[in-house]
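Participant: Shown below is the structure under consideration.
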Amino acid sequence: MRKSILIHICLWIAVGGLYQCLAGFAFDDLVNEHLRNRIEAAGIPPRMNVGEEMIYSSVMLPLFYQRRIYRPAWSQGLNLLPQSAALLSAIKAADLEGLNSEDYHLSKIQQLLKMIHHYEENKNSTYLRFLVDIDLLLTDAFLIYGAHLLSGKVNPEKLDAEWIAARKELDLARVLDSALDSNRIEESLHQLLPHHSCYWHLRNVLSRLRAMAVDGDWPLVPEGPKLSQGDGGDRVSIVQKRLIASGDFDENENSDPDFFSEELHQVVLRFQGRHGLDADGVIGPSTLAALNVPLKERIRQIELNMERWRWLPQDLGNKYILVNIANYELDLIEETREVMTMRVVVGKQYRRTPVFSAKMTYLVLSPYWHIPPRLATEDKLPLIRKDVSYLEKQKIRVFQGWGGEAEEIDAKSIDWSQITAKNFIYRLRQDPGPLNALGRVKFMFPNKFNVYLHDTPDRELFARTERIFSSGCIRIEKPIDLAVYLLKSDPKWNSETISTVIERGEEQTVSLPEPIDVHLLYCTAWADEDGVIQFRKDVYGRDIRLAEALLEKSPQLSQLK
């Protein structure tokens, strides 16, 4: 059989286009042989190129063709299959998902299509090579694009050690085979997209903002003094034009373009709310800065957050807790319905709250606070050295060692002036009570970061707009409400019994009757079903790093291996 195929190839090349050799089965055999040779010549690990275009799915692509016994995927006999046009259409629409079509060989595929069309009347060896090239590129494009829709283009764990993505695994080679057989290329890719409504709301907003951008950027408001209700002048007029451009202000309500009216005051309040700012209706430095973020940057912000939704599990759970770190808010969701929401305090910039998903399994009433070694040496030790009575005032005990038999030590017997971070051998533990940094209850979802939700005695922090004050854990506004909800299916527990245990001041661990999923997110942009867009400050600088990574040509393909 192999000899026969080689004879066909030689005759075909020599004659330069004999249709007797090119017809049907014989031509398919030629393409098969050429595909096999190209793939086997790539070596191990495979390294393949089509011209200057790199084949990125270098592991999954050979497996795909091996399963097909090197049968071409996108052509049959002398002609391209209609599935190739469907994939090209899907790639061209990649921008709808906030992705770049050129990452999926768009220009090279279009170039090859023109060449194939040019050689249609003279199907020689060049035509064969072009058919093989485009088969490899189309397959690679489907596998790369499918991987990006499924799990994102960027691997967040390579950008940020404090970010764990939910790896979604799927045999994309089998997905492609099925899509080819059923002629459902676009539908199969569509099925890989996140199922979350938040993703689709952002997707709709992205199209709307891009339509706005066709007319250019929105007006830039000049620097100047604060503007508030009753003010007038050219800057007020520009503010109104800016808010009209973004759809915040109805142009029909604009009775006097140079006057800061009550209507404009209400619009500014809503704008401030949409951007997580202090809502006072006054255009000060923070509001002015938000107004002057260019439209293209807001579009990019939407794209970044669509990428983040691709990192999440397809199913968040029937009931789950969602904490948006960038919004300082916790939402409890049950069957797509928000049943509880509260403010939270998250980590400082140098002790950032990580991003991950885990399962909450228990809570602790009247918890001790076992002060982590890093906090003990960096935060507490300087205070102790300054005044050893700090320990007694804060109800903090000192132990030597970390085991259950660790002995308590009289803090006054230690020469703290000689203690440094390097020779700190003690464990600090704060007793339950009103001074305890964890408050009355902590909620545990075991994870490698040792991060959890907890109460706090510093209730005044919840009144702040920007709430980055913790050491990484998440302080919550309504801990008792959350505890009551989580224990409601256990008849032994209600608000009264929880309060009784807390008042005793004795630590007690309580298993949840139903464990609940917890998702810590970092979303700096989102939208509701009515298309109202929310933007938040990138307090940890994570948007910047992600934007740079998305511009890189080489995609992450761990889900293809």
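Please note that chains go A, B, ... in the order of the structure tokens, that every chain numbers its residues from 1, and that ligands are numbered from 1 in the order shown.
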Report as a PyMOL selection string all protein, DNA and RNA residues lying within 9 Å of A:Ser246, evaluated on only C-alpha atoms, omitting residues in the same chain fewer than 5 positions from it.

Facilitator: chain A and resi 209+212+218+241+295

Participant: How would the residues just chosen look if you wrote them out with N, CA and C atoms as a short mmCIF file (atom, residue, chain, number, x, y, z; two decimals), in the first residue's frame?

Facilitator:
data_model
loop_
_atom_site.label_atom_id
_atom_site.label_comp_id
_atom_site.auth_asym_id
_atom_site.auth_seq_id
_atom_site.Cartn_x
_atom_site.Cartn_y
_atom_site.Cartn_z
N LEU A 209 -20.04 48.89 24.43
CA LEU A 209 -18.97 49.87 24.56
C LEU A 209 -18.17 49.99 23.28
N MET A 212 -19.95 52.26 21.06
CA MET A 212 -19.71 53.65 21.46
C MET A 212 -18.37 54.15 20.93
N TRP A 218 -14.96 59.35 24.84
CA TRP A 218 -15.85 60.34 25.44
C TRP A 218 -15.04 61.55 25.90
N LYS A 241 -21.68 66.39 28.93
CA LYS A 241 -21.41 65.71 27.66
C LYS A 241 -20.76 64.35 27.91
N LEU A 295 -12.35 55.45 27.24
CA LEU A 295 -13.28 54.40 26.87
C LEU A 295 -12.55 53.11 26.52
#

Participant: Going by DSSP on the backbone, which bits of stretch 234-474 of chain A are helix (DSSP H, G or I)? Write them as number ranges by chain, please.

Facilitator: A: 234-245, 251-253, 262-274, 285-291, 295-310, 325-327, 373-386, 389-393, 411-413, 416-418, 459-463

Participant: Dump C-alpha atoms for the selected residues as a PDB file, in the first residue's frame?

Facilitator:
ATOM      1  CA  ASP A 234     -17.760  75.257  30.754  1.00  0.00           C
ATOM      2  CA  ARG A 235     -16.505  72.368  32.924  1.00  0.00           C
ATOM      3  CA  VAL A 236     -20.082  71.569  34.001  1.00  0.00           C
ATOM      4  CA  SER A 237     -21.056  71.465  30.331  1.00  0.00           C
ATOM      5  CA  ILE A 238     -18.216  69.008  29.578  1.00  0.00           C
ATOM      6  CA  VAL A 239     -19.239  66.845  32.558  1.00  0.00           C
ATOM      7  CA  GLN A 240     -22.737  66.619  31.120  1.00  0.00           C
ATOM      8  CA  LYS A 241     -21.406  65.708  27.658  1.00  0.00           C
ATOM      9  CA  ARG A 242     -19.192  63.048  29.232  1.00  0.00           C
ATOM     10  CA  LEU A 243     -22.122  61.502  31.134  1.00  0.00           C
ATOM     11  CA  ILE A 244     -24.350  61.646  28.059  1.00  0.00           C
ATOM     12  CA  ALA A 245     -21.644  59.841  26.039  1.00  0.00           C
ATOM     13  CA  GLU A 251     -29.693  64.236  26.807  1.00  0.00           C
ATOM     14  CA  ASN A 252     -33.386  65.156  26.926  1.00  0.00           C
ATOM     15  CA  GLU A 253     -33.053  66.021  30.630  1.00  0.00           C
ATOM     16  CA  GLU A 262     -30.552  68.570  40.654  1.00  0.00           C
ATOM     17  CA  GLU A 263     -30.895  66.124  37.735  1.00  0.00           C
ATOM     18  CA  LEU A 264     -27.132  66.212  37.171  1.00  0.00           C
ATOM     19  CA  HIS A 265     -26.551  65.767  40.909  1.00  0.00           C
ATOM     20  CA  GLN A 266     -28.602  62.556  40.863  1.00  0.00           C
ATOM     21  CA  VAL A 267     -26.724  61.308  37.791  1.00  0.00           C
ATOM     22  CA  VAL A 268     -23.372  61.938  39.497  1.00  0.00           C
ATOM     23  CA  LEU A 269     -24.586  60.012  42.558  1.00  0.00           C
ATOM     24  CA  ARG A 270     -25.431  57.031  40.355  1.00  0.00           C
ATOM     25  CA  PHE A 271     -22.112  57.313  38.512  1.00  0.00           C
ATOM     26  CA  GLN A 272     -20.243  57.306  41.819  1.00  0.00           C
ATOM     27  CA  GLY A 273     -22.185  54.248  42.966  1.00  0.00           C
ATOM     28  CA  ARG A 274     -21.318  52.444  39.716  1.00  0.00           C
ATOM     29  CA  PRO A 285     -10.502  64.239  42.482  1.00  0.00           C
ATOM     30  CA  SER A 286     -11.675  60.586  42.685  1.00  0.00           C
ATOM     31  CA  THR A 287     -14.822  61.161  40.631  1.00  0.00           C
ATOM     32  CA  LEU A 288     -12.926  63.272  38.108  1.00  0.00           C
ATOM     33  CA  ALA A 289     -10.338  60.489  37.728  1.00  0.00           C
ATOM     34  CA  ALA A 290     -13.113  57.942  37.100  1.00  0.00           C
ATOM     35  CA  LEU A 291     -14.767  60.224  34.532  1.00  0.00           C
ATOM     36  CA  LEU A 295     -13.281  54.401  26.873  1.00  0.00           C
ATOM     37  CA  LYS A 296     -10.693  52.006  25.428  1.00  0.00           C
ATOM     38  CA  GLU A 297      -9.424  51.299  28.962  1.00  0.00           C
ATOM     39  CA  ARG A 298     -12.958  50.503  30.142  1.00  0.00           C
ATOM     40  CA  ILE A 299     -13.337  48.164  27.167  1.00  0.00           C
ATOM     41  CA  ARG A 300     -10.089  46.467  28.133  1.00  0.00           C
ATOM     42  CA  GLN A 301     -11.291  46.184  31.724  1.00  0.00           C
ATOM     43  CA  ILE A 302     -14.382  44.324  30.515  1.00  0.00           C
ATOM     44  CA  GLU A 303     -12.183  41.956  28.473  1.00  0.00           C
ATOM     45  CA  LEU A 304      -9.952  41.246  31.485  1.00  0.00           C
ATOM     46  CA  ASN A 305     -12.874  40.299  33.651  1.00  0.00           C
ATOM     47  CA  MET A 306     -14.378  38.067  30.963  1.00  0.00           C
ATOM     48  CA  GLU A 307     -11.058  36.210  30.984  1.00  0.00           C
ATOM     49  CA  ARG A 308     -11.321  35.784  34.767  1.00  0.00           C
ATOM     50  CA  TRP A 309     -14.745  34.168  34.437  1.00  0.00           C
ATOM     51  CA  ARG A 310     -13.172  31.606  32.104  1.00  0.00           C
ATOM     52  CA  ILE A 325     -12.301  41.206  46.797  1.00  0.00           C
ATOM     53  CA  ALA A 326     -12.200  44.272  44.538  1.00  0.00           C
ATOM     54  CA  ASN A 327     -15.744  45.220  45.587  1.00  0.00           C
ATOM     55  CA  PRO A 373       4.388  33.564  62.976  1.00  0.00           C
ATOM     56  CA  ARG A 374       4.800  36.265  60.351  1.00  0.00           C
ATOM     57  CA  LEU A 375       2.273  38.546  62.031  1.00  0.00           C
ATOM     58  CA  ALA A 376       3.728  37.756  65.434  1.00  0.00           C
ATOM     59  CA  THR A 377       7.198  38.925  64.396  1.00  0.00           C
ATOM     60  CA  GLU A 378       6.275  41.747  62.009  1.00  0.00           C
ATOM     61  CA  ASP A 379       3.263  43.276  63.802  1.00  0.00           C
ATOM     62  CA  LYS A 380       3.211  42.159  67.410  1.00  0.00           C
ATOM     63  CA  LEU A 381       6.891  41.928  68.364  1.00  0.00           C
ATOM     64  CA  PRO A 382       7.590  45.679  67.918  1.00  0.00           C
ATOM     65  CA  LEU A 383       4.581  46.474  70.143  1.00  0.00           C
ATOM     66  CA  ILE A 384       5.687  43.965  72.782  1.00  0.00           C
ATOM     67  CA  ARG A 385       9.244  45.295  72.838  1.00  0.00           C
ATOM     68  CA  LYS A 386       7.854  48.782  73.308  1.00  0.00           C
ATOM     69  CA  SER A 389       2.030  44.926  79.124  1.00  0.00           C
ATOM     70  CA  TYR A 390       0.569  45.047  75.597  1.00  0.00           C
ATOM     71  CA  LEU A 391       0.195  41.259  75.796  1.00  0.00           C
ATOM     72  CA  GLU A 392      -1.838  41.359  79.001  1.00  0.00           C
ATOM     73  CA  LYS A 393      -3.977  44.253  77.791  1.00  0.00           C
ATOM     74  CA  ALA A 411       5.623  36.986  79.258  1.00  0.00           C
ATOM     75  CA  LYS A 412       7.415  39.099  81.864  1.00  0.00           C
ATOM     76  CA  SER A 413      10.078  36.414  82.304  1.00  0.00           C
ATOM     77  CA  TRP A 416      11.967  40.969  74.862  1.00  0.00           C
ATOM     78  CA  SER A 417      14.715  43.466  74.062  1.00  0.00           C
ATOM     79  CA  GLN A 418      16.827  40.486  72.924  1.00  0.00           C
ATOM     80  CA  ARG A 459     -16.702  47.461  63.244  1.00  0.00           C
ATOM     81  CA  GLU A 460     -16.001  51.029  62.168  1.00  0.00           C
ATOM     82  CA  LEU A 461     -13.983  49.782  59.185  1.00  0.00           C
ATOM     83  CA  PHE A 462     -17.151  48.660  57.403  1.00  0.00           C
ATOM     84  CA  ALA A 463     -18.145  52.305  56.992  1.00  0.00           C
TER      85      ALA A 463
END

Participant: Tell me which protein, DNA and RNA residues are within 8 Å of A:Leu61, counting only C-alpha atoms, leaving out same-chain ones fewer than 6 positions away, and put them as a PyMOL selection string.

Facilitator: chain A and resi 139-140+143+173

Participant: Go through A:Trp493, A:Tyr426, A:Tyr368, A:Tyr328 one by one, measure the shortest atom-to-atom distance of each to A:Val346 using only C-alpha atoms, and give the residue with the smallest value.

Facilitator: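 With only C-alpha atoms as the atom set, the closest residue is A:Tyr328.
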
Participant: Which neighbours of A:Glu529 fall inside 7 Å, counting only C-alpha atoms, when residues of the same chain fewer than 2 positions from it are skipped, and could you give them as a VMD selection string?

Facilitator: chain A and resid 201 527 531
